[in-house]
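So this block is work_11.cif, mmCIF, C-alpha atoms and all ligand atoms:
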data_my_file
loop_
_atom_site.label_atom_id
_atom_site.label_comp_id
_atom_site.auth_asym_id
_atom_site.auth_seq_id
_atom_site.Cartn_x
_atom_site.Cartn_y
_atom_site.Cartn_z
CA MET O 222 23.53 -13.20 31.65
CA SER O 223 26.20 -10.46 31.78
CA ASN O 224 24.90 -6.93 32.24
CA GLY O 225 27.36 -5.83 29.59
CA ALA O 226 29.39 -3.67 32.00
CA GLY O 227 32.81 -4.60 33.37
CA ARG O 228 36.54 -4.59 32.74
CA GLU O 229 37.46 -8.29 32.51
CA PRO O 230 38.54 -9.37 28.99
CA ASP O 231 35.61 -11.82 28.88
CA ASP O 232 33.28 -8.90 29.27
CA VAL O 233 34.62 -6.93 26.32
CA LEU O 234 31.68 -6.02 24.14
CA ASP O 235 31.68 -6.17 20.37
CA LEU O 236 29.42 -3.13 20.27
CA LEU O 237 28.18 -0.46 22.64
CA VAL O 238 25.39 1.76 21.31
CA VAL O 239 24.95 5.19 22.92
CA GLY O 240 21.37 6.37 22.37
CA GLY O 241 18.38 4.02 22.55
CA GLY O 242 15.99 5.61 20.05
CA VAL O 243 14.76 3.53 17.13
CA MET O 244 18.10 3.90 15.30
CA GLY O 245 20.12 2.66 18.27
CA LEU O 246 17.74 -0.20 19.02
CA PHE O 247 17.74 -1.38 15.39
CA THR O 248 21.55 -1.17 15.34
CA ALA O 249 21.68 -3.38 18.44
CA TYR O 250 19.06 -5.71 16.92
CA HIS O 251 21.00 -6.28 13.69
CA ALA O 252 24.34 -6.61 15.50
CA SER O 253 22.92 -9.16 17.94
CA ARG O 254 21.77 -11.29 15.01
CA THR O 255 25.41 -11.77 13.97
CA GLN O 256 26.20 -13.14 17.44
CA ALA O 257 27.89 -9.91 18.55
CA ARG O 258 27.94 -9.08 22.27
CA VAL O 259 26.02 -5.83 22.41
CA ALA O 260 24.78 -3.33 25.01
CA VAL O 261 22.88 -0.05 24.76
CA VAL O 262 23.05 2.98 27.04
CA GLU O 263 20.11 5.40 26.96
CA LEU O 264 19.91 8.72 28.78
CA GLY O 265 16.14 8.57 29.16
CA GLU O 266 13.62 5.77 28.99
CA ILE O 267 12.68 3.45 26.13
CA GLY O 268 9.09 4.04 25.06
CA ASP O 269 8.65 7.63 26.25
CA PRO O 270 5.79 8.75 23.96
CA LEU O 271 7.05 12.32 23.87
CA THR O 272 10.30 11.38 22.10
CA ALA O 273 10.91 11.14 18.34
CA SER O 274 11.06 7.35 18.26
CA PHE O 275 8.18 6.33 20.51
CA GLY O 276 4.93 8.03 19.48
CA ARG O 277 2.02 6.20 17.86
CA THR O 278 2.41 6.36 14.08
CA ARG O 279 5.01 7.40 11.53
CA SER O 280 4.50 7.35 7.79
CA TYR O 281 6.65 5.16 5.60
CA ARG O 282 6.88 6.09 1.96
CA ARG O 283 9.13 6.05 -1.06
CA ASP O 284 8.21 9.35 -2.74
CA TYR O 285 11.29 11.54 -2.66
CA LEU O 286 12.62 14.04 -5.16
CA GLU O 287 15.98 12.26 -5.16
CA ALA O 288 16.25 8.72 -6.45
CA GLY O 289 18.85 7.79 -3.81
CA TYR O 290 16.43 8.37 -0.93
CA THR O 291 13.72 6.45 -2.81
CA ARG O 292 16.02 3.45 -3.30
CA PHE O 293 17.01 3.35 0.37
CA ALA O 294 13.36 3.80 1.45
CA ASP O 295 12.43 0.86 -0.78
CA GLU O 296 15.17 -1.24 0.81
CA ALA O 297 14.04 -0.14 4.28
CA ILE O 298 10.51 -1.37 3.54
CA ARG O 299 11.99 -4.73 2.53
CA LEU O 300 13.84 -4.82 5.86
CA TRP O 301 10.67 -3.89 7.80
CA THR O 302 8.99 -6.89 6.17
CA GLU O 303 11.97 -9.08 7.05
CA PHE O 304 11.66 -7.82 10.65
CA GLU O 305 7.99 -8.79 10.69
CA THR O 306 8.80 -12.27 9.40
CA ALA O 307 11.64 -12.78 11.88
CA THR O 308 9.64 -11.62 14.91
CA GLY O 309 6.08 -12.56 13.98
CA ALA O 310 4.93 -9.00 14.73
CA ASP O 311 2.75 -6.85 12.45
CA VAL O 312 4.40 -3.44 12.49
CA LEU O 313 3.36 -2.00 9.12
CA VAL O 314 -0.15 -0.73 8.36
CA ARG O 315 -0.21 -1.23 4.59
CA CYS O 316 -2.73 1.46 3.67
CA GLY O 317 -0.72 3.13 0.88
CA CYS O 318 0.60 6.65 0.72
CA MET O 319 -0.90 9.31 -1.57
CA ASN O 320 0.40 12.74 -2.57
CA ILE O 321 -2.40 15.12 -3.41
CA ALA O 322 -2.95 18.52 -5.03
CA ASN O 323 -5.91 20.83 -5.63
CA THR O 324 -5.88 23.28 -8.55
CA LYS O 325 -7.54 26.01 -6.49
CA ILE O 326 -4.55 25.90 -4.11
CA THR O 327 -1.62 24.98 -6.37
CA PRO O 328 -2.82 25.63 -9.96
CA ASP O 329 0.39 24.39 -11.61
CA LEU O 330 -0.18 20.68 -11.01
CA ASP O 331 2.86 19.73 -13.11
CA ASN O 332 5.13 21.39 -10.57
CA THR O 333 3.59 19.98 -7.41
CA TYR O 334 5.47 17.63 -5.11
CA ALA O 335 3.01 14.91 -6.15
CA THR O 336 3.90 15.11 -9.84
CA LEU O 337 7.64 15.64 -9.34
CA SER O 338 8.06 12.76 -6.88
CA THR O 339 5.88 10.48 -9.03
CA ASP O 340 8.23 11.21 -11.94
CA VAL O 341 11.10 9.90 -9.81
CA LEU O 342 9.20 6.74 -8.84
CA LYS O 343 8.17 6.04 -12.43
CA ARG O 344 11.75 6.53 -13.62
CA LEU O 345 12.77 3.83 -11.16
CA GLY O 346 10.04 1.48 -12.35
CA ILE O 347 7.90 1.86 -9.22
CA PRO O 348 4.20 1.76 -10.14
CA VAL O 349 2.01 4.65 -8.96
CA THR O 350 -1.80 4.77 -9.23
CA SER O 351 -2.90 8.24 -10.37
CA TYR O 352 -6.37 9.73 -9.75
CA ASP O 353 -7.88 12.85 -11.33
CA THR O 354 -10.73 14.97 -9.95
CA GLU O 355 -13.43 12.42 -10.82
CA GLY O 356 -11.31 9.46 -9.72
CA ILE O 357 -10.69 11.06 -6.34
CA ALA O 358 -14.38 11.92 -5.88
CA ALA O 359 -15.31 8.31 -6.65
CA THR O 360 -12.60 6.63 -4.57
CA TYR O 361 -12.02 9.09 -1.71
CA PRO O 362 -15.36 10.91 -1.25
CA PHE O 363 -14.04 12.79 1.80
CA LEU O 364 -11.34 14.54 -0.27
CA GLN O 365 -11.54 17.57 -2.57
CA ALA O 366 -8.51 17.34 -4.83
CA ASP O 367 -7.65 17.19 -8.53
CA LEU O 368 -4.59 15.00 -8.34
CA GLY O 369 -3.85 11.97 -6.20
CA ASP O 370 -0.74 9.83 -6.76
CA LEU O 371 -0.90 6.67 -4.67
CA ASP O 372 2.04 4.41 -3.90
CA PRO O 373 0.23 1.31 -2.59
CA VAL O 374 3.40 0.07 -0.93
CA GLY O 375 3.58 2.97 1.59
CA GLY O 376 1.63 3.37 4.81
CA LEU O 377 2.10 3.72 8.54
CA VAL O 378 4.43 2.16 11.07
CA ASP O 379 2.86 1.18 14.40
CA LEU O 380 5.50 2.54 16.79
CA ARG O 381 4.33 0.89 20.00
CA THR O 382 4.46 -2.54 18.36
CA VAL O 383 7.92 -1.79 16.95
CA THR O 384 9.21 -0.73 20.37
CA ALA O 385 7.69 -3.74 22.15
CA THR O 386 9.01 -6.12 19.48
CA LEU O 387 12.52 -4.68 19.46
CA THR O 388 12.68 -4.67 23.25
CA LYS O 389 11.61 -8.33 23.39
CA ALA O 390 14.03 -9.37 20.62
CA LEU O 391 16.94 -7.59 22.31
CA ASP O 392 16.10 -9.15 25.64
CA GLU O 393 15.96 -12.62 24.08
CA ALA O 394 19.34 -11.99 22.42
CA GLY O 395 20.86 -11.02 25.77
CA VAL O 396 21.32 -7.37 24.84
CA VAL O 397 21.05 -5.21 27.96
CA VAL O 398 19.54 -1.75 27.47
CA HIS O 399 20.75 0.47 30.34
CA GLN O 400 18.14 3.20 30.75
CA LYS O 401 18.48 6.48 32.66
CA THR O 402 22.20 6.22 32.04
CA SER O 403 24.51 9.16 31.41
CA THR O 404 27.88 8.83 29.71
CA THR O 405 30.70 10.81 31.30
CA ALA O 406 33.94 9.75 29.59
CA ILE O 407 35.18 7.91 26.51
CA GLU O 408 38.80 6.77 26.05
CA GLN O 409 40.51 4.79 23.33
CA ALA O 410 43.45 2.56 24.31
CA GLY O 411 46.43 1.66 22.12
CA ASP O 412 44.85 -1.73 21.36
CA GLY O 413 41.87 0.09 19.83
CA LEU O 414 39.41 -0.92 22.54
CA VAL O 415 37.10 1.88 23.62
CA THR O 416 36.35 2.44 27.30
CA VAL O 417 33.09 4.20 28.05
CA THR O 418 32.37 5.42 31.58
CA THR O 419 28.68 5.74 32.42
CA SER O 420 26.42 6.02 35.44
CA SER O 421 25.64 2.30 34.94
CA GLY O 422 29.27 1.19 34.96
CA VAL O 423 32.36 1.12 32.76
CA PHE O 424 32.08 -0.63 29.39
CA VAL O 425 34.99 -1.84 27.28
CA THR O 426 34.01 -2.35 23.67
CA ARG O 427 35.57 -3.15 20.31
CA SER O 428 33.32 -0.64 18.58
CA LEU O 429 31.06 2.22 19.49
CA VAL O 430 27.97 3.53 17.71
CA ILE O 431 26.51 6.94 18.60
CA THR O 432 22.81 7.37 17.78
CA ALA O 433 21.99 10.00 20.36
CA GLY O 434 19.77 12.31 18.27
CA HIS O 435 20.11 15.86 19.52
CA GLY O 436 22.60 14.59 22.15
CA THR O 437 25.03 13.38 19.48
CA ASN O 438 27.46 16.31 19.56
CA GLY O 439 27.62 16.06 23.35
CA VAL O 440 28.73 12.41 23.09
CA LEU O 441 31.18 13.21 20.26
CA ASN O 442 32.73 15.88 22.50
CA LEU O 443 33.71 13.17 24.97
CA LEU O 444 35.95 11.52 22.35
CA PRO O 445 39.53 12.75 22.89
CA GLY O 446 40.80 14.46 19.72
CA ASN O 447 37.41 14.36 17.98
CA GLN O 448 37.04 16.97 15.24
CA LEU O 449 33.49 16.18 14.17
CA GLN O 450 30.59 18.45 15.06
CA VAL O 451 27.35 17.75 13.22
CA PRO O 452 25.46 20.94 12.32
CA ILE O 453 22.03 19.77 13.50
CA THR O 454 19.25 22.13 14.42
CA LYS O 455 15.83 21.58 15.95
CA ASP O 456 12.51 22.21 14.28
CA ARG O 457 9.00 20.85 14.76
CA PRO O 458 5.61 20.90 13.05
CA SER O 459 3.80 24.24 13.47
CA GLU O 460 0.60 22.40 14.30
CA ALA O 461 -0.79 18.87 14.64
CA ARG O 462 -4.43 18.01 15.40
CA TYR O 463 -6.54 14.92 15.91
CA TYR O 464 -9.94 14.84 14.21
CA THR O 465 -12.55 12.36 15.42
CA PRO O 466 -15.23 12.08 12.73
CA PRO O 467 -18.85 11.36 13.69
CA ALA O 468 -19.84 7.67 13.80
CA GLU O 469 -21.76 7.86 10.47
CA THR O 470 -18.67 8.85 8.46
CA ARG O 471 -15.89 7.35 10.60
CA HIS O 472 -15.41 4.37 8.24
CA LEU O 473 -14.31 6.73 5.43
CA TYR O 474 -11.26 7.76 7.42
CA THR O 475 -9.95 4.37 8.55
CA SER O 476 -6.81 2.82 7.08
CA GLU O 477 -9.00 0.40 5.09
CA ASN O 478 -10.37 3.35 3.08
CA MET O 479 -7.95 6.22 3.56
CA PRO O 480 -4.23 6.11 2.79
CA VAL O 481 -1.56 8.22 4.46
CA MET O 482 -1.82 11.48 2.55
CA ALA O 483 0.46 14.45 2.01
CA TYR O 484 0.12 17.80 0.33
CA LEU O 485 3.71 18.83 0.83
CA ASP O 486 3.44 21.99 -1.30
CA THR O 487 1.25 23.30 1.50
CA GLY O 488 3.06 21.56 4.39
CA ILE O 489 0.16 19.21 5.18
CA TYR O 490 0.35 15.47 6.03
CA LEU O 491 -2.41 13.13 7.29
CA HIS O 492 -2.54 9.75 9.00
CA PRO O 493 -5.80 7.74 8.92
CA ILE O 494 -7.55 6.11 11.87
CA VAL O 495 -5.98 2.68 12.55
CA GLU O 496 -8.04 0.25 14.62
CA GLY O 497 -6.26 -0.55 17.86
CA VAL O 498 -3.53 2.02 17.20
CA ILE O 499 -5.09 5.46 16.92
CA ASP O 500 -8.79 6.40 16.95
CA ALA O 501 -8.57 9.76 15.18
CA VAL O 502 -7.24 11.23 11.94
CA LYS O 503 -3.94 13.03 12.60
CA ILE O 504 -3.28 16.10 10.48
CA GLY O 505 0.03 17.96 10.72
CA PHE O 506 1.24 21.21 9.24
CA TYR O 507 4.94 21.77 8.72
CA ASN O 508 6.95 23.87 6.31
CA PRO O 509 10.65 23.02 6.45
CA PRO O 510 12.89 26.10 6.82
CA ASP O 511 13.98 25.88 3.17
CA MET O 512 10.41 25.83 1.84
CA PRO O 513 8.75 29.13 0.94
CA ARG O 514 6.09 29.83 3.57
CA GLY O 515 2.74 31.52 3.23
CA THR O 516 2.61 31.07 -0.55
CA THR O 517 -0.65 29.12 -0.61
CA SER O 518 -4.06 29.65 0.94
CA ILE O 519 -3.21 26.97 3.53
CA ASN O 520 -1.58 28.35 6.64
CA SER O 521 -2.98 25.98 9.22
CA VAL O 522 -4.53 22.54 9.60
CA GLY O 523 -7.92 24.25 9.78
CA ASP O 524 -7.38 25.92 6.39
CA PHE O 525 -6.66 22.51 4.85
CA VAL O 526 -9.74 20.91 6.38
CA GLU O 527 -11.92 23.75 5.14
CA GLN O 528 -10.55 23.65 1.59
CA CYS O 529 -9.86 19.94 1.04
CA MET O 530 -11.71 17.84 3.64
CA PRO O 531 -14.82 19.83 4.62
CA GLY O 532 -16.45 16.65 5.91
CA LEU O 533 -14.19 16.96 8.95
CA LEU O 534 -15.44 20.45 9.83
CA GLU O 535 -18.06 18.77 12.02
CA ALA O 536 -15.55 16.43 13.61
CA GLU O 537 -14.32 16.85 17.16
CA SER O 538 -10.81 18.32 16.94
CA VAL O 539 -8.04 18.61 19.56
CA PRO O 540 -4.33 19.41 19.37
CA VAL O 541 -1.96 16.43 19.47
CA THR O 542 -0.32 16.52 22.90
CA ASP O 543 -0.10 12.86 23.94
CA VAL O 544 2.77 12.15 21.51
CA ASP O 545 5.22 13.88 19.18
CA GLN O 546 6.29 16.66 21.54
CA CYS O 547 9.72 16.30 19.99
CA ASP O 548 11.94 17.91 17.38
CA TYR O 549 13.21 16.99 13.95
CA ASP O 550 17.01 16.84 13.67
CA LEU O 551 17.73 18.98 10.61
CA VAL O 552 21.21 18.95 9.05
CA ALA O 553 22.83 22.00 7.47
CA ASP O 554 23.14 20.36 4.02
CA ASP O 555 19.88 18.39 4.40
CA HIS O 556 21.44 14.94 4.11
CA PHE O 557 21.76 12.06 6.54
CA VAL O 558 24.95 11.77 8.61
CA LEU O 559 25.89 8.11 8.64
CA GLY O 560 29.30 6.46 8.82
CA ASP O 561 32.58 6.45 10.71
CA VAL O 562 33.70 9.26 12.99
CA PRO O 563 36.83 10.65 11.28
CA GLY O 564 40.02 9.69 13.13
CA PHE O 565 38.46 6.65 14.83
CA SER O 566 38.41 3.33 12.98
CA ASN O 567 35.82 1.80 15.28
CA VAL O 568 33.48 4.66 16.23
CA PHE O 569 30.39 5.32 14.08
CA VAL O 570 27.56 7.82 14.11
CA GLY O 571 24.03 8.05 12.70
CA VAL O 572 22.02 11.26 13.02
CA GLY O 573 20.32 14.04 11.06
CA TRP O 574 17.19 12.36 9.74
CA ARG O 575 15.37 15.63 9.02
CA GLY O 576 11.98 14.45 10.22
CA THR O 577 11.92 11.55 7.80
CA GLY O 578 14.05 9.00 9.62
CA TYR O 579 11.72 6.47 11.19
CA LYS O 580 10.91 4.66 7.96
CA TYR O 581 14.65 4.12 7.40
CA ALA O 582 15.33 2.71 10.87
CA PRO O 583 15.87 -0.99 10.00
CA TRP O 584 18.15 0.05 7.15
CA VAL O 585 20.11 2.54 9.28
CA GLY O 586 20.44 -0.10 11.98
CA ARG O 587 21.73 -2.62 9.48
CA VAL O 588 24.27 -0.15 8.05
CA LEU O 589 25.60 0.76 11.50
CA ALA O 590 25.67 -2.87 12.65
CA GLU O 591 27.60 -3.92 9.55
CA LEU O 592 30.04 -1.00 9.80
CA SER O 593 30.73 -1.65 13.47
CA CYS O 594 30.71 -5.46 13.57
CA GLN O 595 31.44 -6.63 10.02
CA GLU O 596 34.14 -4.19 8.89
CA GLY O 597 31.95 -2.57 6.24
CA THR O 598 28.48 -2.35 4.76
CA VAL O 599 26.97 -3.73 1.58
CA TYR O 600 25.29 -0.35 0.97
CA ASP O 601 26.94 2.64 -0.67
CA VAL O 602 26.61 5.28 2.03
CA ALA O 603 29.55 7.44 0.91
CA ARG O 604 27.32 10.46 0.30
CA PHE O 605 26.33 10.48 3.98
CA THR O 606 29.91 10.55 5.28
CA PRO O 607 30.27 12.44 8.58
CA SER O 608 33.73 13.61 7.42
CA ARG O 609 32.04 16.44 5.50
CA PHE O 610 31.56 18.15 8.85
CA VAL O 611 35.06 17.87 10.27
CA THR O 612 35.83 21.23 11.83
CA ALA O 613 39.67 21.42 11.74
C1 LIG S 1 6.85 15.11 15.22
C2 LIG S 1 7.67 14.16 14.38
C3 LIG S 1 7.05 13.47 13.34
C4 LIG S 1 7.80 12.59 12.56
N1 LIG S 1 7.18 11.90 11.55
C5 LIG S 1 7.87 11.00 10.83
C6 LIG S 1 7.22 10.22 9.84
O1 LIG S 1 5.99 10.34 9.62
N2 LIG S 1 7.95 9.31 9.14
C7 LIG S 1 9.29 9.13 9.38
O2 LIG S 1 9.90 8.28 8.71
N3 LIG S 1 9.94 9.85 10.33
C8 LIG S 1 9.26 10.77 11.05
N4 LIG S 1 9.88 11.49 12.02
C9 LIG S 1 11.33 11.30 12.26
C10 LIG S 1 11.65 10.11 13.15
O3 LIG S 1 10.72 9.99 14.20
C11 LIG S 1 13.07 10.30 13.67
O4 LIG S 1 13.94 10.52 12.57
C12 LIG S 1 13.58 9.08 14.41
O5 LIG S 1 12.70 8.68 15.44
C13 LIG S 1 14.94 9.43 15.01
O6 LIG S 1 15.40 8.34 15.76
P1 LIG S 1 16.76 8.43 16.54
O7 LIG S 1 16.94 7.12 17.22
O8 LIG S 1 17.85 8.93 15.66
O9 LIG S 1 16.56 9.65 17.56
P2 LIG S 1 15.82 9.72 18.96
O10 LIG S 1 14.51 9.04 18.94
O11 LIG S 1 15.87 11.15 19.38
O12 LIG S 1 16.77 8.87 19.89
C14 LIG S 1 17.99 9.35 20.38
C15 LIG S 1 18.11 8.83 21.78
O13 LIG S 1 19.41 9.18 22.30
C16 LIG S 1 19.25 9.49 23.65
N5 LIG S 1 20.41 10.27 24.09
C17 LIG S 1 20.66 11.59 23.90
N6 LIG S 1 21.84 11.91 24.46
C18 LIG S 1 22.33 10.78 25.02
C19 LIG S 1 23.51 10.48 25.77
N7 LIG S 1 24.41 11.41 26.07
N8 LIG S 1 23.69 9.21 26.20
C20 LIG S 1 22.75 8.24 25.93
N9 LIG S 1 21.61 8.48 25.24
C21 LIG S 1 21.42 9.73 24.79
C22 LIG S 1 17.93 10.24 23.73
O14 LIG S 1 17.39 10.21 25.03
C23 LIG S 1 17.08 9.47 22.70
O15 LIG S 1 16.33 8.45 23.32
C24 LIG S 1 9.18 12.40 12.82
C25 LIG S 1 9.79 13.09 13.86
C26 LIG S 1 9.06 13.97 14.64
C27 LIG S 1 9.77 14.72 15.73
#

Show me this structure written as structure tokens.
Amino acid sequence: MSNGAGREPDDVLDLLVVGGGVMGLFTAYHASRTQARVAVVELGEIGDPLTASFGRTRSYRRDYLEAGYTRFADEAIRLWTEFETATGADVLVRCGCMNIANTKITPDLDNTYATLSTDVLKRLGIPVTSYDTEGIAATYPFLQADLGDLDPVGGLVDLRTVTATLTKALDEAGVVVHQKTSTTAIEQAGDGLVTVTTSSGVFVTRSLVITAGHGTNGVLNLLPGNQLQVPITKDRPSEARYYTPPAETRHLYTSENMPVMAYLDTGIYLHPIVEGVIDAVKIGFYNPPDMPRGTTSINSVGDFVEQCMPGLLEAESVPVTDVDQCDYDLVADDHFVLGDVPGFSNVFVGVGWRGTGYKYAPWVGRVLAELSCQEGTVYDVARFTPSRFVTA
């Protein structure tokens, strides 16, 4: 098997991916399925649990305030299922995803994220199961809320299984992932081929995809004549804690009985216990920069537990430190950046997932694989064009 590096014409790659997070690995996965010769270069190590793509769980959901993001999330879930069928791996924990609200905290239920996002789903013909105060008390006895809108199709992604499955599939397809590899120069010849100089060798490739997260602008800067700089900034949850309920009530909080939950008006999101994946409830608190802060009585994970899940007050609680010590990549206009790098017909970029990217990974990977290896994509991604950030 070739290691993917070299200068002989036989060794010309169809695709080199710079950045081996979940977006880069899924790009390589989809490209390798169309027989393309593919390699990946990654600055760090695949599977590092402190990076964005390799923790334990990420939620997947379809509830957005914009129909476009809902449609693509729906398609991504279809592609996750296709990935499971193709590889035989179980990567989705199908526990549902429920937006909640409590009238004591956000009295105007009609204007909560739950109601507004449910309106979008219903408009698109996506069924949502709605619970009122009594329905919640009967179905989710651990929760004090007056509104619960459940999309049964959402849930959690098991990241370690995704990483192991992708790594195996890439290996079987002959895709070499060069870890601990820095990229020092990129040149484009008259014939269009791109030469990429790295600490693991020199690669000549027909097309290049950059999925380097917060390192993306650094890689773009290596492209001679590049005028694209993506305005990405870093942000991270204010707080995330694990809660381990006592044995008598533990069953209430497992993915069989508890969905992924979010109270986004207060910045709270929760992941249930998943057998074999994570043995504690994860509760995070995050207010994006554009959300008004401090407008509710919930200013910490502890506030939420006290007001909405008092059964966990007795649970053992520790900060999340084993995973997720990473940053969201926020974009100035709050939209994905996905498409061709202006001025280069065969260089593509995908970045700016604003803390919501993981669920889209198989879809992003398919888009970038099609753009780079099949001369175009079946999806309409015009709104995500990187050209909106050309500096000159
Ligand atoms: C705390 C947290 C919670 C989240 N929760 C959710 C969630 O519940 N649901 C959801 O859908 N999404 C969630 N997300 C978002 C999701 O995890 C990310 O959008 C996704 O993992 C981004 O993947 P990526 O491949 O673009 O970036 P990354 O995982 O950052 O990968 C980029 C890779 O490029 C490499 N790189 C950088 N520079 C170079 C270079 N010069 N050369 C080569 N390689 C380079 C980096 O080392 C890195 O491995 C969360 C994110 C965080 C931080």

Sort by chain and increasing residue number a table of all residues of chain O within 6 Å of ligand LIG 1 (chain S), each with its closest pair of atoms and their distance in Å to one decimal, counting all atoms listed in the file, and write it as CSV.
residue,atom,partner,partner_atom,distance
O:Val239,CA,S:LIG1,C20,4.8
O:Gly240,CA,S:LIG1,O13,3.4
O:Gly241,CA,S:LIG1,C15,4.9
O:Gly242,CA,S:LIG1,O7,3.3
O:Val243,CA,S:LIG1,O7,4.2
O:Met244,CA,S:LIG1,O7,3.9
O:Gly245,CA,S:LIG1,O7,5.6
O:Val262,CA,S:LIG1,C20,5.4
O:Glu263,CA,S:LIG1,N9,3.8
O:Leu264,CA,S:LIG1,N9,3.9
O:Gly265,CA,S:LIG1,O14,4.6
O:Thr272,CA,S:LIG1,O10,5.8
O:Ala273,CA,S:LIG1,O5,4.2
O:Ser274,CA,S:LIG1,O5,3.5
O:Arg279,CA,S:LIG1,O1,3.6
O:Ser280,CA,S:LIG1,O1,3.8
O:Tyr281,CA,S:LIG1,O2,5.5
O:Ser403,CA,S:LIG1,N8,5.3
O:Thr404,CA,S:LIG1,N8,5.5
O:Thr432,CA,S:LIG1,O8,5.6
O:Ala433,CA,S:LIG1,O13,3.3
O:Gly434,CA,S:LIG1,C14,4.0
O:Gly436,CA,S:LIG1,N6,3.6
O:Val440,CA,S:LIG1,N7,5.3
O:Asp545,CA,S:LIG1,C1,4.5
O:Cys547,CA,S:LIG1,C27,4.5
O:Asp548,CA,S:LIG1,C27,4.2
O:Tyr549,CA,S:LIG1,C27,4.5
O:Val572,CA,S:LIG1,O8,5.5
O:Trp574,CA,S:LIG1,O4,4.7
O:Gly576,CA,S:LIG1,C9,3.8
O:Thr577,CA,S:LIG1,N3,3.6
O:Gly578,CA,S:LIG1,O4,3.3
O:Tyr579,CA,S:LIG1,O2,3.6
O:Lys580,CA,S:LIG1,O2,3.8

>> Please compute the atom CA of Val415 of chain O-atom CA of Phe605 of chain O distance, one decimal, in Å.
In response: 24.0 Å

>> One decimal, in Å: what's the spacing between atom CA of Arg587 of chain O and atom CA of His435 of chain O?
In response: 21.1 Å

> Taking (22.1, 18.3, 4.3) in the file's coordinates as the center, which residues reach within 10 Å of it, counting only C-alpha atoms, put as a list in words?
Replying inline: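 Within 10 Å of (22.1, 18.3, 4.3), the protein and nucleic acid residues are Pro452, Ile453, Leu551, Val552, Ala553, Asp554, Asp555, His556, Phe557, Val558, Gly573, Trp574, Arg575 and Phe605 of chain O.
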
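For the set O:Thr324, O:Arg381, O:Arg292, O:Pro540, the residue with the smallest atom-to-atom gap to Gly346 of chain O is O:Arg292, counting all atoms listed in the file.
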
>> To one decimal place in Å, what is the distance between atom CA of Glu393 of chain O and atom CA of Leu237 of chain O?
In response: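 Atom CA of Leu237 of chain O lies 17.3 Å from atom CA of Glu393 of chain O.
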
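Checking O:Leu485, O:Val378, O:Ala335, O:Val568 one by one against Cys316 of chain O, counting all atoms listed in the file, you find the shortest gap at O:Val378.
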
> Using only C-alpha atoms, which of O:Val502, O:Val602, O:Leu246, O:Ile347 sits nearest Pro466 of chain O?
Replying inline: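 For Pro466 of chain O, the nearest of the candidates is O:Val502.
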
> Can you tell me, as a VMD selection string, what residues are no more than 8 Å from Ala249 of chain O when counting only C-alpha atoms, ignoring any on the same chain fewer than 3 positions away?
Replying inline: chain O and resid 236 238 245 to 246 252 to 253 259 to 261 391 396 586 590

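Proximity ranking of O:Arg283, O:Asp232, O:Ile504, O:Thr388 relative to Thr308 of chain O places O:Thr388 first, based on all atoms listed in the file.
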
> Which neighbours of Arg315 of chain O fall inside 9 Å, counting only C-alpha atoms, when residues of the same chain fewer than 4 positions from it are skipped, and could you give them as an MDAnalysis selection string?
Replying inline: chainID O and resid 373:378 476:477 480

> Nearest to Ser566 of chain O: which of O:Glu537, O:Ala501, O:Phe525, O:Leu414 is it, counting only C-alpha atoms?
Replying inline: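 Looking at the shortest contact to Ser566 of chain O, the residue is O:Leu414.
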
Can you pull out every residue within 7 Å of Asn320 of chain O, counting only C-alpha atoms, but drop anything in the same chain fewer than 5 positions away, and send it as a PDB file with C-alpha atoms, in the frame of the given file?
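Just written: out30.pdb:
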ATOM      1  CA  ALA O 335       3.010  14.910  -6.150  1.00  0.00           C
ATOM      2  CA  GLY O 369      -3.850  11.970  -6.200  1.00  0.00           C
ATOM      3  CA  ASP O 370      -0.740   9.830  -6.760  1.00  0.00           C
ATOM      4  CA  LEU O 371      -0.900   6.670  -4.670  1.00  0.00           C
ATOM      5  CA  MET O 482      -1.820  11.480   2.550  1.00  0.00           C
ATOM      6  CA  ALA O 483       0.460  14.450   2.010  1.00  0.00           C
ATOM      7  CA  TYR O 484       0.120  17.800   0.330  1.00  0.00           C
TER       8      TYR O 484
END

> Leaving out Phe363 of chain O and any residue of its chain fewer than 4 positions from it, which residues lie within 10 Å of it when counting all atoms listed in the file, given as a VMD selection string?
Replying inline: chain O and resid 357 to 359 470 473 to 474 479 529 to 533

>> Measuring between all atoms listed in the file, which one of O:Thr339, O:Thr327, O:Thr350, O:Gln450 shows the shortest distance to Arg609 of chain O?
In response: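 Among the listed residues, the smallest separation from Arg609 of chain O belongs to O:Gln450.
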
> Hey, what's within 12 Å of Asp543 of chain O if we count only C-alpha atoms and toss same-chain stuff fewer than 5 positions away? As a list in words, please?
Replying inline: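 Here the qualifying residues turn out to be Asp269, Pro270, Leu271, Thr272, Phe275, Gly276, Arg277, Ala461, Arg462, Tyr463, Ile499 and Lys503 of chain O.
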